[in-house]
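Peer 1: Before we start, here is the structure in question, set down as structure tokens.
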Amino acid sequence: METEGYPYNSWQSVVPLPRSKLTPQLSNKHKTHEQRGFCDAPIVDALSPTVNLDKMFPKIAALAGLRKDKKVPKGWINFTKRGDQCSLAICKGNAGETRKSNAPQGTAFHGKDQHTPVEEPLFQLSGGLDIQSLHGLFCVVEGLLMTL
């Protein structure tokens with residue numbers, strides 16, 4: 001389906017590239033295969049030099065492997081929203097094996113079921129979630145990780 005001049009997919013891969021840390025290698029890796037509405041790599045400017053996500057969401061930073069935390073293992077967030085229904089899984093350990101894929105490297109499309117965890121998720125919630133923004137998602141995840 002075409003929307004605003006580009007295809008509308010049921011989901012897409014977005015890799016925001018911070019202008020302050022943009023290198024030719026990062027640009028080549030993510031911008032080479034950019035396809036609007038499917039796999040986007042926007043270059044974003046910092047909103048403020050005082051914003052530090054590592055300090056705002058330290059448990060999420062530990063989950064991403066950006067810092068150490070004795071209670072939070074390395075892992076990832078899997079969030080889905082269909083209409084008003086949200087589901088959230090905070091996963092740890094390894095993901096399932098992936099098959100070969102023709103999707104561009106570094107995108108969420110590379111490898112079918114690449115986000116299926118091998119181990120049970122740390123948290124798995126569905127229904128009753130009202131997440132309207134990325135900030136809201138990070139607040140919910142940070143709060144859950146603080147309970148570990």
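Chain identifiers are assigned as A, B, and so on, following the order in which chains appear in the structure tokens; residues are numbered from 1 within each chain, and ligands are numbered from 1 in order of appearance.
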Quick one: residues within 9 Å of Ser20 (chain A), only C-alpha atoms counted, chain neighbours fewer than 2 positions away excluded, as a list in words?
Peer 2: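 With the cut-off at 9 Å, the set is Leu17, Pro18, Leu22, Thr23, Val44, Asp45 and Ala46 of chain A.
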Peer 1: Looking at only C-alpha atoms, which of A:Pro58, A:Gly83, A:Pro24, A:Pro42 is the one that sits closest to Lys71 (chain A)?
Peer 2: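 Closest candidate: A:Pro58.
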Peer 1: Set the distance at 8 Å and use only C-alpha atoms: which residues neighbour Ile60 (chain A) once local chain neighbours fewer than 2 positions away are removed? I'd like the list as an NGL selection string.
Peer 2: :A and (54 or 57-58 or 62-64 or 138 or 141-142 or 145)
Peer 1: Which residues, written as number ranges by chain, have at least one atom at most 9 Å from Ala89 (chain A), with only C-alpha atoms counted and residues fewer than 3 positions away on the same chain left out?
Peer 2: A: 76-79, 121-126
Peer 1: Between A:Ile90, A:Met56, A:Leu129, A:Val118, single out the one closest to Leu144 (chain A), counting only C-alpha atoms.
Peer 2: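 Closest candidate: A:Ile90.
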Peer 1: Residues within 12 Å of Asp84 (chain A), please, as a PyMOL selection string. Count only C-alpha atoms; anything in the same chain fewer than 6 positions from it doesn't count.
Peer 2: chain A and resi 126-132
Peer 1: Selection from above, all heavy atoms, as a PDB file, in the first residue's frame, can you write it?
Peer 2:
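The result, stored in result_8.pdb:
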ATOM      1  N   SER A 126       1.539  -8.448  27.991  1.00  0.00           N
ATOM      2  CA  SER A 126       0.680  -8.113  26.862  1.00  0.00           C
ATOM      3  C   SER A 126      -0.668  -7.676  27.410  1.00  0.00           C
ATOM      4  O   SER A 126      -1.092  -8.110  28.470  1.00  0.00           O
ATOM      5  CB  SER A 126       0.526  -9.300  25.915  1.00  0.00           C
ATOM      6  OG  SER A 126      -0.062 -10.388  26.576  1.00  0.00           O
ATOM      7  N   GLY A 127      -1.298  -6.775  26.680  1.00  0.00           N
ATOM      8  CA  GLY A 127      -2.570  -6.230  27.147  1.00  0.00           C
ATOM      9  C   GLY A 127      -2.356  -5.344  28.362  1.00  0.00           C
ATOM     10  O   GLY A 127      -1.402  -5.500  29.107  1.00  0.00           O
ATOM     11  N   GLY A 128      -3.192  -4.381  28.553  1.00  0.00           N
ATOM     12  CA  GLY A 128      -3.095  -3.498  29.714  1.00  0.00           C
ATOM     13  C   GLY A 128      -1.940  -2.519  29.659  1.00  0.00           C
ATOM     14  O   GLY A 128      -1.721  -1.766  30.597  1.00  0.00           O
ATOM     15  N   LEU A 129      -1.180  -2.520  28.574  1.00  0.00           N
ATOM     16  CA  LEU A 129      -0.072  -1.575  28.417  1.00  0.00           C
ATOM     17  C   LEU A 129      -0.558  -0.403  27.577  1.00  0.00           C
ATOM     18  O   LEU A 129      -1.208  -0.600  26.564  1.00  0.00           O
ATOM     19  CB  LEU A 129       1.111  -2.226  27.693  1.00  0.00           C
ATOM     20  CG  LEU A 129       1.844  -3.341  28.410  1.00  0.00           C
ATOM     21  CD1 LEU A 129       2.809  -4.026  27.450  1.00  0.00           C
ATOM     22  CD2 LEU A 129       2.610  -2.785  29.585  1.00  0.00           C
ATOM     23  N   ASP A 130      -0.236   0.788  28.000  1.00  0.00           N
ATOM     24  CA  ASP A 130      -0.587   1.972  27.222  1.00  0.00           C
ATOM     25  C   ASP A 130       0.703   2.721  26.912  1.00  0.00           C
ATOM     26  O   ASP A 130       1.055   3.675  27.598  1.00  0.00           O
ATOM     27  CB  ASP A 130      -1.571   2.856  27.988  1.00  0.00           C
ATOM     28  CG  ASP A 130      -2.045   4.027  27.142  1.00  0.00           C
ATOM     29  OD1 ASP A 130      -2.038   3.916  25.898  1.00  0.00           O
ATOM     30  OD2 ASP A 130      -2.406   5.070  27.728  1.00  0.00           O
ATOM     31  N   ILE A 131       1.405   2.271  25.909  1.00  0.00           N
ATOM     32  CA  ILE A 131       2.677   2.877  25.531  1.00  0.00           C
ATOM     33  C   ILE A 131       2.450   3.668  24.251  1.00  0.00           C
ATOM     34  O   ILE A 131       2.073   3.104  23.229  1.00  0.00           O
ATOM     35  CB  ILE A 131       3.770   1.806  25.364  1.00  0.00           C
ATOM     36  CG1 ILE A 131       4.002   1.112  26.717  1.00  0.00           C
ATOM     37  CG2 ILE A 131       5.045   2.426  24.816  1.00  0.00           C
ATOM     38  CD1 ILE A 131       4.942  -0.049  26.687  1.00  0.00           C
ATOM     39  N   GLN A 132       2.676   4.971  24.328  1.00  0.00           N
ATOM     40  CA  GLN A 132       2.388   5.863  23.209  1.00  0.00           C
ATOM     41  C   GLN A 132       3.628   6.450  22.557  1.00  0.00           C
ATOM     42  O   GLN A 132       3.523   7.125  21.546  1.00  0.00           O
ATOM     43  CB  GLN A 132       1.488   7.016  23.683  1.00  0.00           C
ATOM     44  CG  GLN A 132       0.173   6.569  24.267  1.00  0.00           C
ATOM     45  CD  GLN A 132      -0.740   5.961  23.221  1.00  0.00           C
ATOM     46  OE1 GLN A 132      -0.769   6.398  22.079  1.00  0.00           O
ATOM     47  NE2 GLN A 132      -1.463   4.930  23.608  1.00  0.00           N
TER      48      GLN A 132
END
Peer 1: Determine the nearest neighbour of Asp40 (chain A) from the options A:Val14, A:Leu88, A:Val72, A:Leu134, counting only C-alpha atoms.
Peer 2: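 Checking each candidate against Asp40 (chain A), we get A:Val14 as the closest.
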Peer 1: What does the structure give for the distance between CA of Lys92 (chain A) and CA of Lys68 (chain A), in Å to one decimal?
Peer 2: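 Separation between CA of Lys92 (chain A) and CA of Lys68 (chain A): 14.4 Å.
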Peer 1: One decimal, Å: what's the distance from CA of Leu148 (chain A) over to CA of Glu119 (chain A), could you say?
Peer 2: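 Going from CA of Leu148 (chain A) over to CA of Glu119 (chain A) covers 16.7 Å.
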Peer 1: Closest to Cys86 (chain A) among A:Gly65, A:Pro117, A:Ser133, A:Asn52, using only C-alpha atoms?
Peer 2: A:Ser133
Peer 1: Quick one: of A:Ala41, A:Gln35, A:Glu120, A:Thr147, who's nearest to Gly75 (chain A), counting only C-alpha atoms?
Peer 2: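 Residue with the minimum atom-to-atom distance to Gly75 (chain A): A:Glu120.
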Peer 1: Which one is closest to Ser27 (chain A): A:Ile43, A:Gly93, A:Leu53, A:Ser13? Count only C-alpha atoms.
Peer 2: A:Ile43
Peer 1: Distance CA of Pro73 (chain A)-CA of Leu26 (chain A), one decimal place?
Peer 2: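 A separation of 26.3 Å between them.
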